[in-house]
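Have a look at structure.cif below; it lists mmCIF, C-alpha atoms and all ligand atoms.
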```
data_input
#
loop_
_atom_site.label_atom_id
_atom_site.label_comp_id
_atom_site.auth_asym_id
_atom_site.auth_seq_id
_atom_site.Cartn_x
_atom_site.Cartn_y
_atom_site.Cartn_z
CA MET M 281 -71.85 -17.07 15.18
CA GLN M 282 -69.15 -19.04 16.93
CA LEU M 283 -66.17 -20.34 14.94
CA ILE M 284 -64.07 -23.12 16.43
CA ILE M 285 -60.54 -23.07 15.05
CA GLY M 286 -57.11 -24.57 15.69
CA ASN M 287 -53.82 -22.75 16.15
CA TYR M 288 -53.51 -19.59 14.07
CA ASN M 289 -49.96 -20.52 13.20
CA TYR M 290 -50.69 -23.95 11.81
CA SER M 291 -54.37 -24.47 11.05
CA SER M 292 -54.68 -23.80 7.34
CA TRP M 293 -58.26 -25.08 7.12
CA SER M 294 -59.29 -22.80 9.99
CA LEU M 295 -57.75 -19.82 8.21
CA ARG M 296 -60.13 -20.23 5.25
CA ALA M 297 -63.33 -20.01 7.30
CA TRP M 298 -62.01 -17.30 9.62
CA LEU M 299 -60.91 -15.17 6.66
CA MET M 300 -64.37 -15.28 5.09
CA LEU M 301 -65.97 -14.06 8.30
CA ARG M 302 -63.33 -11.46 9.07
CA HIS M 303 -62.85 -10.08 5.56
CA PHE M 304 -66.59 -9.56 5.17
CA ASP M 305 -66.74 -8.04 8.64
CA LEU M 306 -69.35 -10.43 10.01
CA ALA M 307 -69.87 -10.69 13.76
CA PHE M 308 -68.53 -13.89 15.33
CA ASP M 309 -66.76 -15.20 18.41
CA THR M 310 -63.68 -17.35 18.03
CA THR M 311 -62.99 -20.41 20.15
CA ARG M 312 -59.39 -21.48 19.64
CA ILE M 313 -58.38 -25.02 20.50
CA ALA M 314 -54.62 -25.65 20.54
CA LEU M 315 -54.34 -28.81 18.43
CA PHE M 316 -52.70 -32.00 19.65
CA THR M 317 -52.65 -30.99 23.30
CA PRO M 318 -54.11 -33.14 26.10
CA GLY M 319 -57.89 -33.12 25.80
CA SER M 320 -57.97 -31.18 22.53
CA ALA M 321 -59.35 -34.07 20.47
CA GLU M 322 -62.24 -34.50 22.93
CA GLN M 323 -62.88 -30.75 22.96
CA ILE M 324 -63.14 -30.71 19.15
CA LYS M 325 -65.38 -33.78 19.10
CA ALA M 326 -67.80 -32.04 21.45
CA TYR M 327 -68.40 -29.58 18.58
CA ASN M 328 -67.79 -31.87 15.60
CA PRO M 329 -67.94 -35.67 15.81
CA ALA M 330 -65.60 -35.78 12.81
CA GLY M 331 -62.91 -34.44 15.16
CA LYS M 332 -61.73 -31.62 12.88
CA VAL M 333 -61.69 -27.84 12.92
CA PRO M 334 -62.97 -25.45 11.69
CA VAL M 335 -66.56 -25.75 12.89
CA LEU M 336 -69.16 -22.97 12.67
CA LEU M 337 -72.10 -22.77 15.08
CA ASP M 338 -74.93 -20.48 14.08
CA ASN M 339 -78.41 -20.35 15.58
CA GLY M 340 -78.48 -24.07 16.35
CA THR M 341 -76.89 -25.02 13.01
CA THR M 342 -73.51 -26.75 13.01
CA VAL M 343 -71.43 -26.47 9.85
CA TRP M 344 -68.15 -28.34 9.54
CA ASP M 345 -65.48 -28.50 6.86
CA SER M 346 -63.96 -25.24 5.68
CA LEU M 347 -65.53 -25.20 2.22
CA SER M 348 -69.03 -25.88 3.55
CA ILE M 349 -68.55 -23.10 6.09
CA CYS M 350 -67.47 -20.64 3.37
CA GLU M 351 -70.52 -21.60 1.28
CA TYR M 352 -72.84 -21.30 4.28
CA ILE M 353 -71.50 -17.83 5.10
CA SER M 354 -71.91 -16.76 1.48
CA GLU M 355 -75.47 -18.06 1.20
CA THR M 356 -76.67 -16.96 4.62
CA TYR M 357 -74.97 -13.60 5.10
CA LEU M 358 -73.53 -12.36 1.80
CA GLN M 359 -76.38 -12.78 -0.68
CA ASP M 360 -74.14 -15.33 -2.40
CA GLN M 361 -71.40 -12.82 -3.21
CA GLY M 362 -68.83 -15.38 -2.00
CA TRP M 363 -68.83 -16.74 -5.57
CA PRO M 364 -68.50 -14.74 -8.79
CA SER M 365 -71.89 -14.03 -10.40
CA ASN M 366 -70.91 -15.00 -13.96
CA PRO M 367 -71.79 -18.72 -14.38
CA ALA M 368 -68.58 -19.62 -16.22
CA ARG M 369 -66.41 -17.80 -13.67
CA ARG M 370 -68.42 -19.35 -10.88
CA ALA M 371 -67.84 -22.82 -12.31
CA HIS M 372 -64.11 -22.12 -12.60
CA ALA M 373 -63.99 -20.79 -9.03
CA ARG M 374 -65.84 -23.80 -7.65
CA SER M 375 -63.59 -26.19 -9.57
CA SER M 376 -60.46 -24.39 -8.30
CA CYS M 377 -61.68 -24.67 -4.72
CA ALA M 378 -62.57 -28.34 -5.13
CA GLU M 379 -59.15 -29.03 -6.61
CA MET M 380 -57.51 -27.28 -3.65
CA HIS M 381 -59.69 -29.14 -1.22
CA SER M 382 -58.84 -32.58 -2.52
CA GLY M 383 -55.41 -32.11 -4.06
CA PHE M 384 -51.93 -30.63 -3.94
CA MET M 385 -50.85 -33.29 -1.47
CA ALA M 386 -47.14 -32.92 -2.26
CA LEU M 387 -47.20 -29.18 -1.54
CA ARG M 388 -49.34 -29.66 1.56
CA SER M 389 -47.08 -32.26 3.08
CA ALA M 390 -43.70 -30.74 2.13
CA MET M 391 -44.71 -27.15 2.91
CA PRO M 392 -47.08 -27.24 5.88
CA MET M 393 -48.49 -23.86 6.85
CA ASN M 394 -46.38 -22.27 9.55
CA CYS M 395 -47.02 -18.53 9.63
CA ARG M 396 -44.02 -17.86 11.88
CA ARG M 397 -41.53 -19.64 9.67
CA HIS M 398 -39.52 -17.98 6.92
CA VAL M 399 -37.25 -20.34 5.02
CA ASP M 400 -34.47 -19.33 2.65
CA ASN M 401 -33.24 -21.79 0.03
CA PHE M 402 -36.11 -24.23 0.45
CA THR M 403 -35.51 -27.25 -1.81
CA ILE M 404 -38.52 -27.83 -4.02
CA SER M 405 -39.03 -31.45 -5.09
CA VAL M 406 -40.34 -32.37 -8.54
CA ALA M 407 -43.74 -33.27 -7.09
CA VAL M 408 -44.02 -29.98 -5.19
CA GLN M 409 -42.98 -28.03 -8.30
CA GLN M 410 -45.75 -29.80 -10.24
CA ASP M 411 -48.27 -28.64 -7.64
CA ILE M 412 -46.90 -25.08 -7.76
CA ASP M 413 -47.08 -25.13 -11.57
CA ARG M 414 -50.67 -26.34 -11.52
CA ILE M 415 -51.67 -23.69 -8.97
CA SER M 416 -49.90 -21.05 -11.08
CA THR M 417 -51.91 -22.11 -14.13
CA LEU M 418 -55.17 -21.96 -12.20
CA TRP M 419 -54.36 -18.55 -10.74
CA ARG M 420 -53.31 -17.20 -14.16
CA GLU M 421 -56.56 -18.41 -15.75
CA ALA M 422 -58.57 -16.79 -12.97
CA LEU M 423 -56.62 -13.54 -12.83
CA SER M 424 -56.57 -13.09 -16.61
CA LYS M 425 -60.23 -12.09 -16.47
CA SER M 426 -59.92 -9.92 -13.34
CA GLY M 427 -58.62 -6.36 -13.13
CA SER M 428 -54.93 -5.95 -12.31
CA GLU M 429 -55.68 -4.81 -8.77
CA GLN M 430 -58.25 -7.50 -8.11
CA PHE M 431 -58.42 -10.95 -6.59
CA LEU M 432 -58.70 -14.33 -8.33
CA TYR M 433 -62.22 -13.78 -9.61
CA GLY M 434 -62.47 -10.01 -9.25
CA ASP M 435 -63.77 -9.12 -5.81
CA PHE M 436 -62.48 -11.23 -2.90
CA SER M 437 -64.25 -14.60 -3.05
CA ILE M 438 -64.34 -18.03 -1.46
CA ALA M 439 -61.54 -18.99 -3.87
CA ASP M 440 -59.21 -16.39 -2.32
CA ALA M 441 -60.06 -17.70 1.14
CA CYS M 442 -59.37 -21.27 -0.02
CA TYR M 443 -56.00 -20.35 -1.51
CA ALA M 444 -54.91 -18.04 1.34
CA PRO M 445 -52.91 -20.81 3.04
CA VAL M 446 -51.09 -21.40 -0.27
CA VAL M 447 -50.24 -17.69 -0.39
CA PHE M 448 -48.84 -17.94 3.16
CA ARG M 449 -46.89 -21.09 2.25
CA LEU M 450 -45.36 -19.76 -0.98
CA THR M 451 -44.32 -16.60 0.84
CA GLY M 452 -43.00 -18.31 3.96
CA TYR M 453 -40.98 -20.85 1.99
CA GLY M 454 -39.55 -18.14 -0.26
CA VAL M 455 -40.90 -19.57 -3.53
CA LYS M 456 -40.05 -17.33 -6.49
CA LEU M 457 -43.15 -16.53 -8.53
CA PRO M 458 -43.75 -14.67 -11.80
CA ALA M 459 -44.50 -10.98 -11.21
CA GLU M 460 -48.27 -11.13 -11.69
CA LEU M 461 -48.66 -14.03 -9.28
CA GLN M 462 -46.38 -12.41 -6.71
CA ALA M 463 -48.49 -9.25 -7.05
CA TYR M 464 -51.60 -11.30 -6.29
CA CYS M 465 -49.89 -12.79 -3.20
CA ASP M 466 -48.90 -9.28 -2.10
CA ARG M 467 -52.49 -8.07 -2.46
CA MET M 468 -53.68 -10.98 -0.34
CA LEU M 469 -51.02 -10.41 2.31
CA ALA M 470 -51.92 -6.73 2.49
CA LEU M 471 -55.54 -7.47 3.39
CA PRO M 472 -56.27 -6.36 6.95
CA ALA M 473 -57.78 -9.76 7.75
CA CYS M 474 -54.64 -11.60 6.57
CA GLN M 475 -52.45 -9.21 8.56
CA GLU M 476 -54.57 -9.80 11.63
CA TRP M 477 -54.31 -13.59 11.28
CA LEU M 478 -50.52 -13.39 10.89
CA SER M 479 -50.26 -11.19 13.94
CA LEU M 480 -52.37 -13.63 15.98
CA ALA M 481 -50.08 -16.46 14.81
CA GLN M 482 -47.03 -14.49 15.96
CA GLN M 483 -48.51 -14.24 19.43
CA GLU M 484 -48.81 -18.02 19.81
CA SER M 485 -46.02 -20.09 21.31
CA GLU M 486 -47.15 -23.68 20.77
CA VAL M 487 -44.95 -25.84 18.57
CA ILE M 488 -46.51 -28.89 16.94
CA GLU M 489 -45.36 -31.52 14.47
CA GLU M 490 -46.65 -29.92 11.29
CA GLU M 491 -47.22 -33.03 9.25
CA ASP M 492 -50.09 -33.83 11.65
CA VAL M 493 -52.01 -30.58 11.06
N1 LIG M 501 -61.39 -30.96 4.98
C1 LIG M 501 -61.42 -30.40 6.31
C2 LIG M 501 -60.05 -30.62 6.95
C3 LIG M 501 -60.03 -30.16 8.39
C4 LIG M 501 -58.72 -30.51 9.08
O1 LIG M 501 -57.98 -31.42 8.67
N2 LIG M 501 -58.44 -29.77 10.17
C5 LIG M 501 -57.25 -30.01 10.96
C6 LIG M 501 -56.63 -28.70 11.42
S1 LIG M 501 -56.11 -27.65 10.11
C7 LIG M 501 -57.64 -30.72 12.24
O2 LIG M 501 -58.71 -30.50 12.77
N3 LIG M 501 -56.76 -31.55 12.79
C8 LIG M 501 -56.98 -32.13 14.06
C9 LIG M 501 -56.91 -33.62 14.02
O3 LIG M 501 -56.78 -34.19 12.92
O4 LIG M 501 -56.97 -34.22 15.11
C10 LIG M 501 -61.82 -28.93 6.23
O5 LIG M 501 -61.75 -28.36 5.12
O6 LIG M 501 -62.25 -28.32 7.21
#
```

Output the structure of this file as structure tokens.
Amino acid sequence: MQLIIGNYNYSSWSLRAWLMLRHFDLAFDTTRIALFTPGSAEQIKAYNPAGKVPVLLDNGTTVWDSLSICEYISETYLQDQGWPSNPARRAHARSSCAEMHSGFMALRSAMPMNCRRHVDNFTISVAVQQDIDRISTLWREALSKSGSEQFLYGDFSIADACYAPVVFRLTGYGVKLPAELQAYCDRMLALPACQEWLSLAQQESEVIEEEDV
């Protein structure tokens, strides 16, 4: 498999797909395209006419959009273990991912992912706080049925990959969370794949206007 991604530091959608592949230890090559540099838009379009990363190439199949890529990986390589097996939990997990995919605009625009940035005293607007509150509710609902050392739906799932950029944001912007949610963020951050991504982000030097990412 070949995964086309943007900058490790900024590309939150790329992180989701990459994390699925890396966490589950699947073999793939990474092609990194530094976003918003001369020629980068054309380079991306050569892989994906929609002009966005991530893109997964596998045996002549092109899969674009992070959620589709996570689902493809789960179906093709993980015997569907990317989603919880219980139908009710699975429905909740899918709904949580869909809500992340299409929502939380205030949080996404005010707190763009920047793995190298650590902000103290970040001012949280009312709209951003509403997004954080909604995410906290979702996470609590999911975690309430998982073991205390587990991920959102028990074992690491597509939902954890989808919310990984939120974990990085909440941590980087110094958002104070209730203990059980902070513990979940800490478990995510401790994953070798998350540590590897953060280290790769540290090694980059490009600076881009984050609201574009
Ligand atoms: N819904 C898409 C969003 C993809 C997306 O917006 N990717 C950004 C990078 S994180 C991108 O390719 N930006 C480049 C551009 O807009 O030119 C997904 O889940 O993959």

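Relative to atom C10 of ligand LIG 501 (chain M), CA of Asp305 (chain M) is found at 21.6 Å.
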
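Between CA of His398 (chain M) and CA of Gln430 (chain M) the separation is 26.2 Å.
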
Review point. What's the 8 Å shell around Arg312 (chain M), counting all atoms listed in the file, without same-chain residues fewer than 6 positions away, as a ChimeraX atom specification?
Key: /M:284-287

Find the axis-aligned box for ligand LIG 501 (chain M), covering all its listed atoms and adding 3 Å on each side, and write its centre and edge lengths in Å to one decimal as lines of an AutoDock Vina configuration file.
```
center_x = -59.2
center_y = -30.9
center_z = 10.0
size_x = 12.1
size_y = 12.6
size_z = 16.1
```

Check your understanding: region 415-422 of chain M: which residues within 8 Å, counting only C-alpha atoms, same-chain residues fewer than 5 positions away excluded, as an MDAnalysis selection string?
Key -> chainID M and resid 369 372:373 376 432:433 461

Find the spatial neighbours of Gln323 (chain M), counting only C-alpha atoms, within a cut-off of 12 Å - ignore same-chain residues fewer than 6 positions away - and output them as a PDB file with C-alpha atoms, in the frame of the given file.
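Output saved as selection_25.pdb:
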```pdb
ATOM      1  CA  ILE M 284     -64.070 -23.120  16.430  1.00  0.00           C
ATOM      2  CA  ILE M 285     -60.540 -23.070  15.050  1.00  0.00           C
ATOM      3  CA  GLY M 286     -57.110 -24.570  15.690  1.00  0.00           C
ATOM      4  CA  THR M 311     -62.990 -20.410  20.150  1.00  0.00           C
ATOM      5  CA  ARG M 312     -59.390 -21.480  19.640  1.00  0.00           C
ATOM      6  CA  ILE M 313     -58.380 -25.020  20.500  1.00  0.00           C
ATOM      7  CA  ALA M 314     -54.620 -25.650  20.540  1.00  0.00           C
ATOM      8  CA  LEU M 315     -54.340 -28.810  18.430  1.00  0.00           C
ATOM      9  CA  PHE M 316     -52.700 -32.000  19.650  1.00  0.00           C
ATOM     10  CA  THR M 317     -52.650 -30.990  23.300  1.00  0.00           C
ATOM     11  CA  PRO M 329     -67.940 -35.670  15.810  1.00  0.00           C
ATOM     12  CA  ALA M 330     -65.600 -35.780  12.810  1.00  0.00           C
ATOM     13  CA  GLY M 331     -62.910 -34.440  15.160  1.00  0.00           C
ATOM     14  CA  LYS M 332     -61.730 -31.620  12.880  1.00  0.00           C
ATOM     15  CA  VAL M 333     -61.690 -27.840  12.920  1.00  0.00           C
ATOM     16  CA  VAL M 335     -66.560 -25.750  12.890  1.00  0.00           C
TER      17      VAL M 335
END
```

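By all atoms listed in the file, and with residues fewer than 2 positions from Gln409 (chain M) along its chain excluded, the set lying at most 12 Å from it is Phe384, Met385, Ala386, Leu387, Arg388, Ala390, Met391, Phe402, Thr403, Ile404, Ser405, Val406, Ala407, Asp411, Ile412, Asp413, Arg414, Ile415, Ser416, Leu450, Val455, Lys456 and Leu457 of chain M.
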
List as a short mmCIF file (atom, residue, chain, number, x, y, z; two decimals) with C-alpha atoms, in the coordinates of the input the protein and nucleic acid residues lying within 6 Å of ligand LIG 501 (chain M), with only C-alpha atoms and all ligand atoms counted.
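Generated file (out-v1.cif):
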```cif
data_model
loop_
_atom_site.label_atom_id
_atom_site.label_comp_id
_atom_site.auth_asym_id
_atom_site.auth_seq_id
_atom_site.Cartn_x
_atom_site.Cartn_y
_atom_site.Cartn_z
CA GLY M 286 -57.11 -24.57 15.69
CA SER M 291 -54.37 -24.47 11.05
CA SER M 292 -54.68 -23.80 7.34
CA TRP M 293 -58.26 -25.08 7.12
CA SER M 294 -59.29 -22.80 9.99
CA ALA M 321 -59.35 -34.07 20.47
CA GLY M 331 -62.91 -34.44 15.16
CA LYS M 332 -61.73 -31.62 12.88
CA VAL M 333 -61.69 -27.84 12.92
CA PRO M 334 -62.97 -25.45 11.69
CA ASP M 345 -65.48 -28.50 6.86
CA SER M 346 -63.96 -25.24 5.68
CA LEU M 347 -65.53 -25.20 2.22
CA VAL M 493 -52.01 -30.58 11.06
#
```

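Closest approach to Arg296 (chain M) among M:Ser348, M:Asn366, M:Ser375, M:Thr341 is made by M:Ser348 (distances from all atoms listed in the file).
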
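Of the residues under consideration (M:Pro472, M:Gly427, M:Gly454, M:Gly362), M:Gly362 shows the shortest atom-to-atom contact distance to Ala297 (chain M) when counting all atoms listed in the file.
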
For Ser485 (chain M), list every protein, DNA or RNA residue within 12 Å, evaluated using only C-alpha atoms, and leave out those in the same chain fewer than 6 positions away; present the list as a compact mmCIF listing (two decimals) with C-alpha atoms, keeping the file's coordinate frame.
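So part-v5.txt came out as:
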```
# COMPACT_ATOMS: atom_id res chain seq x y z
CA ASN M 287 -53.82 -22.75 16.15
CA TYR M 288 -53.51 -19.59 14.07
CA ASN M 289 -49.96 -20.52 13.20
CA TYR M 290 -50.69 -23.95 11.81
CA ALA M 314 -54.62 -25.65 20.54
CA ASN M 394 -46.38 -22.27 9.55
CA CYS M 395 -47.02 -18.53 9.63
CA ARG M 396 -44.02 -17.86 11.88
```

Missing atoms in region 425-436 of chain M: can you complete it with all heavy atoms, as a compact mmCIF listing (two decimals), in the coordinates of the input?
```txt
# COMPACT_ATOMS: atom_id res chain seq x y z
N LYS M 425 -58.95 -12.75 -16.22
CA LYS M 425 -60.23 -12.09 -16.47
C LYS M 425 -60.60 -11.11 -15.36
O LYS M 425 -61.71 -10.60 -15.32
CB LYS M 425 -61.33 -13.15 -16.63
CG LYS M 425 -61.10 -14.04 -17.85
CD LYS M 425 -62.33 -14.90 -18.13
CE LYS M 425 -62.19 -15.69 -19.42
NZ LYS M 425 -61.22 -16.78 -19.36
N SER M 426 -59.68 -10.88 -14.43
CA SER M 426 -59.92 -9.92 -13.34
C SER M 426 -59.08 -8.67 -13.62
O SER M 426 -58.10 -8.73 -14.37
CB SER M 426 -59.49 -10.50 -12.00
OG SER M 426 -60.17 -11.70 -11.74
N GLY M 427 -59.43 -7.58 -12.99
CA GLY M 427 -58.62 -6.36 -13.13
C GLY M 427 -57.27 -6.56 -12.45
O GLY M 427 -57.11 -7.43 -11.59
N SER M 428 -56.29 -5.74 -12.82
CA SER M 428 -54.93 -5.95 -12.31
C SER M 428 -54.81 -5.73 -10.81
O SER M 428 -53.87 -6.21 -10.19
CB SER M 428 -53.95 -5.04 -13.06
OG SER M 428 -54.31 -3.70 -12.82
N GLU M 429 -55.75 -5.02 -10.22
CA GLU M 429 -55.68 -4.81 -8.77
C GLU M 429 -56.68 -5.69 -8.03
O GLU M 429 -57.00 -5.44 -6.87
CB GLU M 429 -55.98 -3.33 -8.43
CG GLU M 429 -54.92 -2.36 -8.94
CD GLU M 429 -53.53 -2.70 -8.44
OE1 GLU M 429 -53.38 -2.99 -7.24
OE2 GLU M 429 -52.60 -2.72 -9.26
N GLN M 430 -57.17 -6.71 -8.72
CA GLN M 430 -58.25 -7.50 -8.11
C GLN M 430 -57.76 -8.86 -7.60
O GLN M 430 -56.58 -9.19 -7.68
CB GLN M 430 -59.37 -7.67 -9.13
CG GLN M 430 -60.12 -6.36 -9.34
CD GLN M 430 -61.37 -6.57 -10.17
OE1 GLN M 430 -61.28 -7.08 -11.28
NE2 GLN M 430 -62.51 -6.22 -9.63
N PHE M 431 -58.73 -9.63 -7.13
CA PHE M 431 -58.42 -10.95 -6.59
C PHE M 431 -58.70 -12.00 -7.66
O PHE M 431 -58.93 -11.67 -8.82
CB PHE M 431 -59.21 -11.15 -5.28
CG PHE M 431 -58.72 -10.19 -4.24
CD1 PHE M 431 -59.33 -8.95 -4.04
CD2 PHE M 431 -57.58 -10.48 -3.51
CE1 PHE M 431 -58.84 -8.04 -3.12
CE2 PHE M 431 -57.07 -9.57 -2.58
CZ PHE M 431 -57.71 -8.35 -2.39
N LEU M 432 -58.67 -13.28 -7.29
CA LEU M 432 -58.70 -14.33 -8.33
C LEU M 432 -59.86 -14.16 -9.29
O LEU M 432 -59.71 -14.29 -10.50
CB LEU M 432 -58.75 -15.72 -7.68
CG LEU M 432 -57.45 -16.19 -7.02
CD1 LEU M 432 -57.67 -17.53 -6.31
CD2 LEU M 432 -56.31 -16.31 -8.04
N TYR M 433 -61.04 -13.90 -8.75
CA TYR M 433 -62.22 -13.78 -9.61
C TYR M 433 -62.82 -12.38 -9.55
O TYR M 433 -64.03 -12.21 -9.66
CB TYR M 433 -63.23 -14.88 -9.24
CG TYR M 433 -62.66 -16.25 -9.52
CD1 TYR M 433 -61.96 -16.94 -8.53
CD2 TYR M 433 -62.75 -16.83 -10.79
CE1 TYR M 433 -61.37 -18.17 -8.80
CE2 TYR M 433 -62.16 -18.06 -11.07
CZ TYR M 433 -61.48 -18.71 -10.07
OH TYR M 433 -60.88 -19.93 -10.34
N GLY M 434 -61.97 -11.38 -9.36
CA GLY M 434 -62.47 -10.01 -9.25
C GLY M 434 -62.47 -9.62 -7.78
O GLY M 434 -61.42 -9.52 -7.14
N ASP M 435 -63.68 -9.41 -7.24
CA ASP M 435 -63.77 -9.12 -5.81
C ASP M 435 -63.32 -10.35 -5.00
O ASP M 435 -63.42 -11.49 -5.50
CB ASP M 435 -65.22 -8.78 -5.43
CG ASP M 435 -65.66 -7.45 -6.06
OD1 ASP M 435 -64.77 -6.61 -6.36
OD2 ASP M 435 -66.87 -7.27 -6.25
N PHE M 436 -62.90 -10.12 -3.78
CA PHE M 436 -62.48 -11.23 -2.90
C PHE M 436 -63.61 -12.27 -2.85
O PHE M 436 -64.78 -11.93 -2.67
CB PHE M 436 -62.22 -10.68 -1.50
CG PHE M 436 -61.73 -11.71 -0.52
CD1 PHE M 436 -60.37 -11.92 -0.32
CD2 PHE M 436 -62.63 -12.49 0.20
CE1 PHE M 436 -59.92 -12.87 0.58
CE2 PHE M 436 -62.19 -13.44 1.10
CZ PHE M 436 -60.83 -13.63 1.29
```
